[in-house]
Structures are given as C-alpha cells and as structure tokens.
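Containing mmCIF, C-alpha atoms: structure38.cif.
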data_query
#
loop_
_atom_site.label_atom_id
_atom_site.label_comp_id
_atom_site.auth_asym_id
_atom_site.auth_seq_id
_atom_site.Cartn_x
_atom_site.Cartn_y
_atom_site.Cartn_z
CA MET R 1 23.90 55.02 105.53
CA SER R 2 24.44 51.32 105.93
CA ILE R 3 28.06 50.65 105.05
CA PHE R 4 28.74 47.50 107.08
CA THR R 5 25.27 46.09 107.64
CA GLU R 6 22.56 44.90 105.31
CA HIS R 7 19.72 46.36 107.38
CA PRO R 8 18.92 49.98 106.48
CA ALA R 9 16.88 50.41 109.65
CA ALA R 10 20.00 49.78 111.73
CA ARG R 11 22.22 52.20 109.82
CA TRP R 12 22.84 54.34 112.87
CA GLY R 13 23.55 51.45 115.19
CA LEU R 14 21.37 53.20 117.76
CA PRO R 15 19.10 51.59 120.32
CA ALA R 16 15.43 52.32 119.87
CA ALA R 17 15.46 54.64 122.87
CA ALA R 18 18.15 56.82 121.32
CA VAL R 19 16.23 57.09 118.05
CA GLY R 20 13.01 57.88 119.87
CA VAL R 21 14.60 60.74 121.73
CA ILE R 22 14.54 62.77 118.53
CA GLY R 23 10.87 63.50 119.08
CA VAL R 24 11.08 64.13 122.82
CA ALA R 25 10.18 67.62 123.88
CA ALA R 26 13.15 67.77 126.22
CA LEU R 27 15.46 67.72 123.21
CA THR R 28 16.10 71.30 122.12
CA ILE R 29 15.92 71.69 118.33
CA ASN R 30 15.52 75.34 117.59
CA GLN R 31 17.52 76.41 114.59
CA THR R 32 17.21 76.17 110.82
CA ALA R 33 20.11 75.72 108.44
CA SER R 34 20.36 78.70 106.14
CA ALA R 35 20.09 78.35 102.39
CA ASP R 36 23.82 78.94 101.87
CA ALA R 37 25.36 77.59 98.67
CA GLY R 38 21.91 77.45 97.10
CA LEU R 39 20.62 74.76 99.45
CA PRO R 40 17.06 74.95 100.78
CA PRO R 41 16.71 75.56 104.53
CA ARG R 42 16.53 72.44 106.73
CA THR R 43 15.78 72.22 110.42
CA ALA R 44 17.73 69.94 112.74
CA MET R 45 14.68 67.68 112.99
CA GLN R 46 14.52 67.43 109.19
CA LEU R 47 18.23 66.62 108.95
CA LEU R 48 17.92 63.82 111.49
CA ALA R 49 14.97 62.41 109.57
CA ASP R 50 16.94 62.69 106.31
CA VAL R 51 19.80 60.65 107.70
CA ARG R 52 17.56 57.94 109.14
CA SER R 53 15.84 57.49 105.77
CA SER R 54 18.98 57.60 103.60
CA ASP R 55 19.66 54.57 101.42
CA VAL R 56 23.25 54.38 100.19
CA SER R 57 24.62 50.91 99.47
CA SER R 58 27.61 51.77 97.26
CA LEU R 59 30.44 54.25 97.57
CA SER R 60 34.18 54.70 97.42
CA GLY R 61 36.43 57.36 98.80
CA THR R 62 39.28 58.47 101.02
CA VAL R 63 38.79 58.93 104.77
CA VAL R 64 41.15 60.87 107.03
CA GLN R 65 41.02 60.65 110.82
CA THR R 66 43.00 63.03 113.03
CA SER R 67 43.33 63.17 116.81
CA ASP R 68 44.73 65.79 119.16
CA LEU R 69 43.75 64.47 122.57
CA GLY R 70 46.29 66.50 124.51
CA ILE R 71 48.16 63.54 125.95
CA PRO R 72 51.59 64.62 127.25
CA SER R 73 54.79 63.13 125.85
CA LEU R 74 55.38 59.95 127.83
CA PRO R 75 57.95 57.13 127.61
CA GLY R 76 56.42 54.10 125.93
CA LEU R 77 53.53 56.14 124.53
CA THR R 78 55.25 58.45 122.08
CA GLY R 79 57.37 55.83 120.37
CA GLY R 80 60.55 57.59 121.51
CA GLY R 81 61.53 55.04 124.14
CA PRO R 82 62.22 51.33 123.93
CA ALA R 83 58.64 50.37 124.58
CA GLY R 84 57.33 52.66 121.95
CA GLY R 85 59.87 51.67 119.36
CA GLY R 86 59.48 47.98 120.01
CA ALA R 87 55.75 48.07 119.69
CA ALA R 88 55.69 48.39 115.97
CA GLY R 89 55.82 44.68 115.39
CA ALA R 90 53.69 43.26 112.66
CA GLY R 91 51.50 46.29 112.46
CA GLY R 92 54.25 48.54 111.13
CA ALA R 93 56.06 51.38 112.79
CA ALA R 94 53.24 53.81 112.29
CA GLY R 95 50.48 51.51 113.33
CA SER R 96 50.73 49.79 116.65
CA SER R 97 52.33 52.34 118.97
CA LEU R 98 49.90 53.46 121.64
CA ALA R 99 50.65 57.04 120.53
CA SER R 100 48.74 56.43 117.31
CA LEU R 101 45.54 56.13 119.33
CA VAL R 102 45.75 59.61 120.77
CA SER R 103 47.51 61.77 118.21
CA GLY R 104 48.45 62.01 114.57
CA THR R 105 46.65 61.25 111.33
CA HIS R 106 45.37 58.03 109.73
CA THR R 107 44.32 57.77 106.09
CA TRP R 108 42.48 54.92 104.43
CA ARG R 109 40.56 54.16 101.28
CA ILE R 110 37.14 52.59 101.39
CA TRP R 111 35.06 50.77 98.79
CA VAL R 112 31.55 49.44 99.44
CA ASP R 113 29.17 47.58 97.12
CA GLY R 114 26.32 46.21 99.20
CA PRO R 115 26.54 44.19 102.41
CA THR R 116 29.02 41.53 101.22
CA ARG R 117 31.53 43.45 99.09
CA GLN R 118 33.70 45.82 101.10
CA ARG R 119 37.29 46.90 101.28
CA LEU R 120 39.34 49.05 103.64
CA ALA R 121 42.92 49.98 102.82
CA LEU R 122 44.99 51.69 105.52
CA VAL R 123 47.78 53.73 103.98
CA GLY R 124 50.87 54.11 106.20
CA THR R 125 54.47 55.21 105.87
CA SER R 126 55.67 51.61 106.05
CA GLY R 127 53.19 50.11 103.61
CA GLU R 128 49.53 49.29 103.16
CA SER R 129 47.19 47.03 105.14
CA ASP R 130 43.94 45.87 103.55
CA VAL R 131 40.80 44.09 104.66
CA ILE R 132 38.87 42.82 101.64
CA ARG R 133 35.53 41.06 101.69
CA ASN R 134 34.05 39.54 98.56
CA GLY R 135 31.10 37.31 99.34
CA SER R 136 32.29 34.51 101.62
CA ASP R 137 35.97 35.39 101.18
CA LEU R 138 37.66 37.70 103.69
CA TRP R 139 41.31 38.64 103.23
CA LEU R 140 43.60 40.50 105.65
CA TRP R 141 46.77 41.63 103.90
CA SER R 142 49.87 43.51 105.06
CA SER R 143 52.31 44.69 102.40
CA ALA R 144 54.93 45.54 105.05
CA ASP R 145 54.88 42.03 106.53
CA LYS R 146 54.20 40.30 103.21
CA THR R 147 51.49 38.26 104.93
CA ALA R 148 47.89 37.48 104.11
CA VAL R 149 45.22 35.70 106.15
CA HIS R 150 42.21 34.19 104.39
CA HIS R 151 38.91 33.53 106.17
CA THR R 152 35.94 31.73 104.64
CA LEU R 153 32.82 33.30 106.07
CA GLY R 154 29.79 31.21 106.95
CA SER R 155 26.14 32.20 107.19
CA GLY R 156 26.65 33.27 110.79
CA ASP R 157 29.19 35.88 109.65
CA ALA R 158 27.02 37.41 106.91
CA LYS R 159 26.23 40.46 109.03
CA ALA R 160 29.64 40.83 110.60
CA ALA R 161 31.28 44.25 110.47
CA LEU R 162 34.43 44.52 108.42
CA PRO R 163 37.45 44.53 110.79
CA HIS R 164 39.88 47.42 110.60
CA PRO R 165 43.27 46.69 109.03
CA SER R 166 45.18 48.51 111.78
CA ALA R 167 45.69 47.21 115.31
CA SER R 168 46.12 50.85 116.34
CA LEU R 169 42.48 51.58 115.58
CA PRO R 170 40.42 49.16 117.69
CA ALA R 171 36.74 48.51 117.21
CA GLY R 172 35.78 51.41 119.45
CA VAL R 173 37.42 54.00 117.24
CA PRO R 174 35.11 55.17 114.41
CA ARG R 175 36.32 54.12 110.98
CA THR R 176 33.95 56.33 109.00
CA PRO R 177 31.93 59.51 109.55
CA ASP R 178 28.84 57.30 109.71
CA GLU R 179 30.19 55.37 112.71
CA ALA R 180 31.39 58.55 114.44
CA ALA R 181 27.98 60.14 114.00
CA ALA R 182 26.28 57.05 115.42
CA THR R 183 28.49 57.19 118.50
CA ALA R 184 27.68 60.85 119.11
CA LEU R 185 23.96 60.48 118.51
CA ALA R 186 23.79 57.47 120.84
CA VAL R 187 24.28 59.73 123.87
CA MET R 188 21.81 62.34 122.65
CA GLY R 189 19.01 63.11 125.07
CA LYS R 190 17.68 65.72 127.46
CA ASP R 191 21.22 66.93 128.17
CA THR R 192 21.89 67.83 124.52
CA THR R 193 20.99 70.86 122.46
CA VAL R 194 20.69 69.99 118.76
CA THR R 195 20.98 72.86 116.30
CA THR R 196 22.24 73.58 112.80
CA SER R 197 24.93 76.00 111.71
CA GLY R 198 24.28 76.55 108.03
CA THR R 199 26.13 74.62 105.36
CA ALA R 200 29.63 73.43 104.55
CA SER R 201 31.60 71.89 101.70
CA VAL R 202 33.14 68.48 102.40
CA ALA R 203 35.03 66.47 99.79
CA GLY R 204 33.71 68.86 97.17
CA ARG R 205 30.08 68.20 98.11
CA SER R 206 27.52 70.53 99.68
CA ALA R 207 26.50 69.56 103.18
CA TYR R 208 24.42 70.77 106.11
CA GLU R 209 26.00 70.91 109.55
CA LEU R 210 24.24 69.46 112.58
CA VAL R 211 25.61 70.56 115.96
CA LEU R 212 25.24 68.56 119.20
CA THR R 213 26.06 70.67 122.26
CA PRO R 214 26.09 69.00 125.70
CA LYS R 215 24.31 70.89 128.47
CA ASP R 216 26.29 68.84 130.96
CA LYS R 217 29.03 71.10 132.33
CA ALA R 218 31.08 68.16 133.66
CA THR R 219 32.01 66.80 130.23
CA ARG R 220 35.15 67.75 128.35
CA ILE R 221 33.20 67.62 125.07
CA ALA R 222 32.18 71.11 123.97
CA SER R 223 30.28 70.09 120.83
CA VAL R 224 30.03 67.55 118.03
CA ARG R 225 29.55 68.86 114.48
CA ILE R 226 28.20 66.44 111.87
CA ALA R 227 28.33 67.41 108.19
CA ILE R 228 25.48 65.70 106.31
CA ASP R 229 25.51 65.36 102.52
CA ALA R 230 22.76 67.54 101.10
CA GLU R 231 21.84 65.04 98.39
CA LYS R 232 22.62 61.58 99.79
CA HIS R 233 21.84 62.45 103.45
CA VAL R 234 24.83 60.56 104.84
CA PRO R 235 27.47 61.89 107.25
CA LEU R 236 30.54 63.14 105.40
CA ARG R 237 32.50 64.44 108.37
CA VAL R 238 32.35 64.46 112.17
CA ARG R 239 34.31 66.89 114.32
CA VAL R 240 34.49 66.64 118.11
CA TYR R 241 35.48 69.81 119.95
CA SER R 242 36.96 69.95 123.43
CA THR R 243 36.30 72.54 126.10
CA LYS R 244 40.10 72.91 126.16
CA LEU R 245 40.79 73.57 122.46
CA SER R 246 39.56 75.81 119.66
CA ASN R 247 40.39 73.29 116.92
CA PRO R 248 38.77 69.83 116.73
CA ALA R 249 40.25 67.31 119.16
CA PHE R 250 38.99 64.46 116.98
CA GLU R 251 37.91 64.47 113.34
CA VAL R 252 37.01 61.81 110.82
CA GLY R 253 35.77 62.67 107.37
CA PHE R 254 35.90 62.07 103.66
CA THR R 255 38.41 64.03 101.64
CA ALA R 256 37.07 62.40 98.47
CA VAL R 257 33.88 60.41 97.94
CA ASP R 258 32.03 58.84 95.01
CA PHE R 259 28.58 57.28 95.43
CA SER R 260 28.67 55.27 92.19
CA GLN R 261 29.21 51.50 92.22
CA PRO R 262 32.91 50.62 92.62
CA GLU R 263 34.60 48.44 90.02
CA ALA R 264 34.46 44.71 90.79
CA ARG R 265 38.27 44.47 90.67
CA GLN R 266 38.50 46.40 93.95
CA PHE R 267 37.11 43.36 95.77
CA THR R 268 39.26 40.74 94.03
CA PHE R 269 42.48 39.88 95.83
CA THR R 270 45.35 37.69 94.69
CA PRO R 271 48.28 37.47 97.12
CA PRO R 272 51.39 39.03 95.54
CA ALA R 273 54.41 36.84 94.93
CA GLY R 274 56.39 36.25 98.10
CA THR R 275 53.35 36.63 100.39
CA THR R 276 52.96 34.14 103.24
CA VAL R 277 49.32 33.00 103.16
CA THR R 278 47.52 31.56 106.19
CA GLN R 279 44.11 29.92 106.08
CA SER R 280 42.12 30.69 109.24
CA ASP R 281 38.86 29.31 110.57
CA ALA R 282 38.57 31.91 113.32
CA LEU R 283 35.48 33.45 111.72
CA ALA R 284 33.76 30.16 110.87
CA PRO R 285 30.23 29.59 112.25
CA LYS R 286 30.11 28.48 115.85
CA GLY R 287 30.38 24.72 116.14
CA ALA R 288 31.76 24.22 112.63
CA ALA R 289 34.71 21.91 112.09
CA GLY R 290 38.08 23.56 112.47
CA THR R 291 36.92 26.44 114.63
CA ASN R 292 38.99 27.78 117.49
CA PRO R 293 38.41 25.96 120.78
CA ALA R 294 35.78 27.37 123.09
CA PRO R 295 36.98 29.51 126.01
CA SER R 296 38.02 27.49 129.05
CA LYS R 297 36.00 27.54 132.27
CA GLU R 298 38.76 29.60 133.85
CA GLN R 299 38.63 32.16 131.04
CA MET R 300 34.84 32.36 131.20
CA ALA R 301 34.95 32.76 134.99
CA ALA R 302 37.54 35.54 134.73
CA ALA R 303 35.46 37.34 132.10
CA ALA R 304 32.31 37.05 134.21
CA LYS R 305 34.15 38.34 137.27
CA ALA R 306 35.48 41.34 135.37
CA ALA R 307 32.05 42.13 133.95
CA GLY R 308 30.46 41.87 137.37
CA ALA R 309 33.06 44.20 138.88
CA MET R 310 32.52 46.90 136.26
CA ARG R 311 30.45 49.91 137.33
CA VAL R 312 28.91 52.74 135.32
CA VAL R 313 28.60 55.99 137.23
CA GLY R 314 26.57 58.89 135.86
CA SER R 315 24.92 59.08 132.44
CA GLY R 316 25.09 60.78 129.08
CA TRP R 317 28.13 62.85 128.21
CA SER R 318 29.69 62.59 131.68
CA THR R 319 29.37 58.83 132.12
CA VAL R 320 32.31 57.27 133.97
CA VAL R 321 33.23 53.59 133.68
CA VAL R 322 35.04 52.04 136.65
CA ALA R 323 36.49 48.60 136.04
CA PRO R 324 39.29 46.33 137.27
CA MET R 325 42.55 46.52 135.35
CA PRO R 326 43.25 43.43 133.21
CA THR R 327 45.64 41.11 135.04
CA ASP R 328 48.26 41.20 132.28
CA ALA R 329 48.20 45.01 132.19
CA ALA R 330 48.57 45.23 135.94
CA THR R 331 51.51 42.79 136.05
CA GLY R 332 53.31 43.82 132.90
CA GLY R 333 52.21 40.72 131.03
CA SER R 334 54.36 38.33 133.03
CA GLY R 335 51.53 36.18 134.30
CA SER R 336 50.71 32.62 133.37
CA GLY R 337 48.80 33.83 130.34
CA SER R 338 52.08 34.10 128.43
CA SER R 339 51.55 30.66 126.93
CA SER R 340 48.43 31.55 125.05
CA GLY R 341 50.12 31.69 121.66
CA SER R 342 51.07 34.40 119.24
CA GLY R 343 48.58 36.85 120.68
CA SER R 344 50.29 36.80 124.06
CA GLY R 345 53.42 38.49 122.74
CA SER R 346 51.38 41.43 121.52
CA ALA R 347 49.42 41.59 124.78
CA SER R 348 52.65 41.48 126.78
CA SER R 349 54.13 44.28 124.67
CA VAL R 350 51.09 46.49 125.21
CA ALA R 351 51.11 45.68 128.93
CA LYS R 352 54.75 46.72 129.21
CA GLN R 353 53.94 49.95 127.38
CA LEU R 354 51.15 50.62 129.86
CA GLN R 355 53.43 49.98 132.81
CA THR R 356 56.03 52.39 131.41
CA VAL R 357 53.34 55.02 130.89
CA LEU R 358 51.94 54.59 134.42
CA LYS R 359 55.31 55.21 136.01
CA ALA R 360 55.56 58.56 134.19
CA LEU R 361 52.04 59.79 135.06
CA PRO R 362 51.37 62.20 137.95
CA THR R 363 50.39 60.54 141.22
CA VAL R 364 47.08 61.42 142.86
CA SER R 365 45.28 60.40 146.02
CA GLY R 366 42.06 60.99 147.92
CA ALA R 367 39.31 59.30 149.87
CA TRP R 368 39.04 56.78 147.03
CA GLY R 369 42.69 55.69 147.39
CA SER R 370 45.78 56.52 145.35
CA GLY R 371 47.02 56.05 141.81
CA HIS R 372 48.04 57.81 138.61
CA VAL R 373 46.07 60.22 136.41
CA LEU R 374 46.12 60.77 132.65
CA GLU R 375 44.38 63.97 131.62
CA GLY R 376 43.58 64.85 128.00
CA THR R 377 41.47 67.29 126.06
CA LEU R 378 38.48 64.99 125.59
CA PHE R 379 38.87 62.44 128.37
CA SER R 380 40.66 61.60 131.59
CA ALA R 381 41.68 58.29 133.11
CA VAL R 382 42.77 57.24 136.60
CA VAL R 383 44.56 53.97 137.31
CA THR R 384 44.47 53.18 141.02
CA ASP R 385 47.14 51.37 142.99
CA ASP R 386 44.56 48.76 144.02
CA GLY R 387 43.98 47.74 140.39
CA ARG R 388 41.01 49.80 139.20
CA VAL R 389 40.69 52.10 136.20
CA ALA R 390 38.18 54.94 135.78
CA VAL R 391 37.66 56.53 132.37
CA GLY R 392 35.29 59.18 131.09
CA ALA R 393 34.94 62.27 128.88
CA VAL R 394 35.33 64.34 132.04
CA GLY R 395 37.96 65.94 134.24
CA PRO R 396 39.85 64.10 136.99
CA ASP R 397 37.61 65.40 139.80
CA THR R 398 34.61 63.63 138.31
CA LEU R 399 36.64 60.41 138.11
CA PHE R 400 37.68 60.76 141.74
CA ALA R 401 34.01 61.10 142.75
CA ALA R 402 33.09 58.01 140.71
CA LEU R 403 35.87 55.98 142.34
CA ALA R 404 34.65 57.03 145.80
CA ALA R 405 30.98 56.30 145.01
CA LYS R 406 29.54 53.15 146.53
#

What would you get if you wrote out this structure as structure tokens?
Amino acid sequence: MSIFTEHPAARWGLPAAAVGVIGVAALTINQTASADAGLPPRTAMQLLADVRSSDVSSLSGTVVQTSDLGIPSLPGLTGGGPAGGGAAGAGGAAGSSLASLVSGTHTWRIWVDGPTRQRLALVGTSGESDVIRNGSDLWLWSSADKTAVHHTLGSGDAKAALPHPSASLPAGVPRTPDEAAATALAVMGKDTTVTTSGTASVAGRSAYELVLTPKDKATRIASVRIAIDAEKHVPLRVRVYSTKLSNPAFEVGFTAVDFSQPEARQFTFTPPAGTTVTQSDALAPKGAAGTNPAPSKEQMAAAAKAAGAMRVVGSGWSTVVVAPMPTDAATGGSGSGSSSGSGSGSASSVAKQLQTVLKALPTVSGAWGSGHVLEGTLFSAVVTDDGRVAVGAVGPDTLFAALAAK
C-alpha cells in the first residue's frame, strides 16, 4: 500500500536488499495459512508477494496505536512531576509528555486520496490536531491552541511524507500499520523465521496473519504479527510482542477502514474563527525566495561530528546504536543554543525532562565506564557519564558489550 508516496514500487519503504531476501533460501518460510473464515490457504511467500503487488490509493479509517514498553514510573517522564506537567505546551497535555512515547493509547483518523490529498487527525483529550494536504496546500491545525500554519508546497515537496500532527509521535514511530510492517520487514533476513498463523478479523475485515520470529536470542522482540487484508493485501494491524510480556508491547492497527474514495470536503480546510494563522515557507523548494536560512558552518560541523562519532554494533534484531548525547540534552538545554528561536524552548524543556529522568535511573558501571540504564520490555538504553548513549532492542548486557567494543 502506498499511502504517503506516489510510487507503488516503494510502498514498503524497503531497500532492494531487504525485498530480495524474500527469495533467499536462508529465510525460513514453512507454513500455510489455513482456510479459516472461508479464505483460501496462502503461504507466507504468497502473502509477501500479495502485499508487494497491492495497489491501494484511497482509503479512510480510524487507527489506534498502543504501547506498553515497561518503562518504570519516573519523575519528568510520567507527567506527575513539574517537568512532566510543564511539557504539555502547545502540543496539549496528552501529547508532548515523554510518557506518551512509551505508554498509553493514541487515536487518529486518516483519509487518503492519491499522493497529494491526505489528512491525519489526532484525537486527544484536550482537542484535535490535524495535518491536511490538498495539492500544494499543507495545513497544520491545533484546536487546543487555536493556531494554524499554512505551507505552500513546491515541486520538490511533491513526494514528501505527511508529517504527524503530534510532537509526541516523531517520524520514527509508525503512524499506520503499513509503516509498522515496513519497519519490521526491513530487518528480515537469515535471522528471521517467517510463518503464518491462520486468519484474523481486523476492523471487520478478514485478514491473514504473517508472523516474523527472530532467531536471535539477544533481542527483546519475541515476534511481530502482521495482519494482511485478504482482499486488498494491505497491512491492517501490526503487533510487536516482547520476550517479557504475553500481551503486545506495541500495536498499531485500524479499528475501522473503508477503501472507497473519501469525500473531497475532508481535504478542504478553512481556519475556524479565532484561529491564529501563520504562513510558513519552511517546506518551500530549496533555494526559493523566503526559505529558511541554510544551516551555519558551525551547525553543519556539529552535525558531521555527531554522525562521524555514531557507531552501529551488531546487525538485525539485536543492532545497537552508540552515539554521543546531544549537547543540549547533556547540559539541560542551558547552552548557547538557547537563542535559536521558538524551537529552543521546546528543546530546552525536553532536555530538562531527560535530565530529571536520568537522575532517577539506576546507576551502572563496567569496563566501558559508568552511567544510567533504562530497561523496558522491547528495548534498553544506557546513558554514560562521558556523554554517550547506547540503544537497542536488547537487554542491558548487550549494550554494555557494545559500549566496550572498539
């Protein structure tokens, strides 16, 4: 399914190597979905081929994402302390707390009509936030803040993915079952067993279930279950199971879906009375008049230094990323970057939250140094006292080994 791109061949967002692995003998595909609910049997290989050849350009529905990552209650992370409470800001009380990244439920509506007409509406307790694209017009609207930002897209933005209306769900967090499935399939390879487990009913539709089971014993991921629509061949739901839980640690799926063309009015936006409207050129083509200034030499040098210092240890499901902590996060946001404009306040707030969280985390030490560890059901993270962070879908011992590796 190609929800946010106009190229059907790229619907999975997978590199060619990941797609090619489907036919590799090392990939174990050994089970056939039963003909439950009157559906004909399909092998895992057939289901993967079905999804790659699907062609859905229009749909609407409701998506629910839930997380239970096993993060302990921490000051500044749960919203109970000053840092947590003060983080709501423009994103709303339910949206921008760091806790919303690791627990709780998010619900949004989605409408898609081809590559240039899309809408996401995040429904929260404090209001609604929408991102609406209609041709060259892109609107970001917050009912809680009574603000709207209008972008005029140029030709260079024609293939851009629709941003998410919530700051609490960054680009790395899947917004739809399609994106979650792409993320899971991207790490598929010789360390994954791919099977089927019969059929399921999702959003009132019959679906086959594809199961990805890591062979890697170091990962905290027990399995990923992808429900694929029996007729349209698109992912309807993705569940990620932890080795520590019986219920899904992460789930994103449709609770209602309609594959007919949405009404045109869903993509037409007129700011309600009392809304503060801002015209922004941030998404204009590079080099166009009115665009944001290019990054300074200092900013580019800092980015290059950070990228050069980043290391990837291991592969597949147990990959560990070791990188330097951002300067603002390490200092609590009190550095010279505080003059960078409205974005600096948000960055400073998040940095203070992180500092509060770090102080409450257990201390650890070893041959790699010392620091603090955050251990969850699907991932672990270590922040060292010398300014490094190691993250992976693994236990702390694997992170310690990655930090010590040369």

* To do: Translate the PyMOL selection byres ((chain R and resi 130) around 7), as applied to the file shown, into an explicit residue set as a VMD selection string.
  => chain R and resid 120 to 122 128 to 129 131 to 132 140 to 142 165

Where's the centre, and what are the edge lengths in Å to one decimal, of a box along x, y and z enclosing all listed atoms of stretch 47-64 of chain R padded 6 Å per side, as lines of an AutoDock Vina configuration file?
center_x = 28.1
center_y = 58.8
center_z = 104.4
size_x = 38.2
size_y = 27.7
size_z = 26.2

* Selected residue of minimal separation from R:Thr276 among R:Ala148, R:Ala44, R:Arg117, R:Ala404, counting all atoms listed in the file ->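 Nearest candidate to R:Thr276 out of R:Ala148, R:Ala44, R:Arg117, R:Ala404: R:Ala148.
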
* Asked: Expressed in Å to a single decimal, how great is the separation between atom CA of R:Thr278 and atom CA of R:Arg133?
  ->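 Taking atom CA of R:Thr278 as the start and atom CA of R:Arg133 as the end point, the length is 15.9 Å.
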
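For the choices R:Gly114, R:Gly376, R:Gly70, R:Pro41, the atom-to-atom distance to R:Phe259 is smallest for R:Gly114 when using all atoms listed in the file.
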
* To do: Check the smallest atom-to-atom distance from each of R:Leu399, R:Leu138, R:Val391, R:Val64 to R:Thr268 using all atoms listed in the file, then report the winner.
  => R:Leu138

* Residues matched by the PyMOL selection byres ((chain R and resi 199-207) around 7) as a PyMOL selection string -> chain R and resi 33+36+197-198+208-209+227-230+236+254-257

* To do: Might you pull out every residue within 10 Å of R:Gln261, with all atoms listed in the file counted and same-chain residues fewer than 3 positions away left off, and present them as number ranges by chain?
  => R: 57-60, 111-114, 258, 264

* Expected selection from the PyMOL selection byres ((chain R and resi 48-50) around 10), given as JSON, numbers by chain -> {"R": [19, 22, 42, 43, 44, 45, 46, 47, 51, 52, 53, 54, 55, 185, 194, 210, 228, 229, 230, 231, 232, 233, 234]}

* Give me, please, the distance in Å between atom CA of R:Glu179 and atom CA of R:Val252, quoted to one decimal. =>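 Computing it gives 9.6 Å between the two atoms.
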
* May I ask which of the residues R:Pro235, R:Pro262, R:Pro362, R:Gly274 is the closest one to R:Ser143, counting all atoms listed in the file? =>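 Looking at the shortest contact to R:Ser143, the residue is R:Gly274.
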
* Asked: Skipping near chain neighbours, those fewer than 5 positions away, what residues fall within 12 Å of R:Asn247 using all atoms listed in the file, listed as a ChimeraX atom specification?
  -> /R:66-70,222-225,239-242,377

* Which one of R:Thr192, R:Trp108, R:Ser280, R:Val320 sits closest to R:Leu153 if you count only C-alpha atoms? ->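 Comparing R:Thr192, R:Trp108, R:Ser280, R:Val320 against R:Leu153, the winner is R:Ser280.
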
* Separation of atom CA of R:Glu251 from atom CA of R:Lys215 in Å ->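 Interatomic distance, atom CA of R:Lys215 to atom CA of R:Glu251: 21.3 Å.
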
* Asked: Any idea what's packed within 10 Å of R:Leu374, counting only C-alpha atoms, ignoring anything in its chain fewer than 5 positions away? Could you give it as a PyMOL selection string?
  -> chain R and resi 70-72+357-358+360-363+379-383+391+395-396
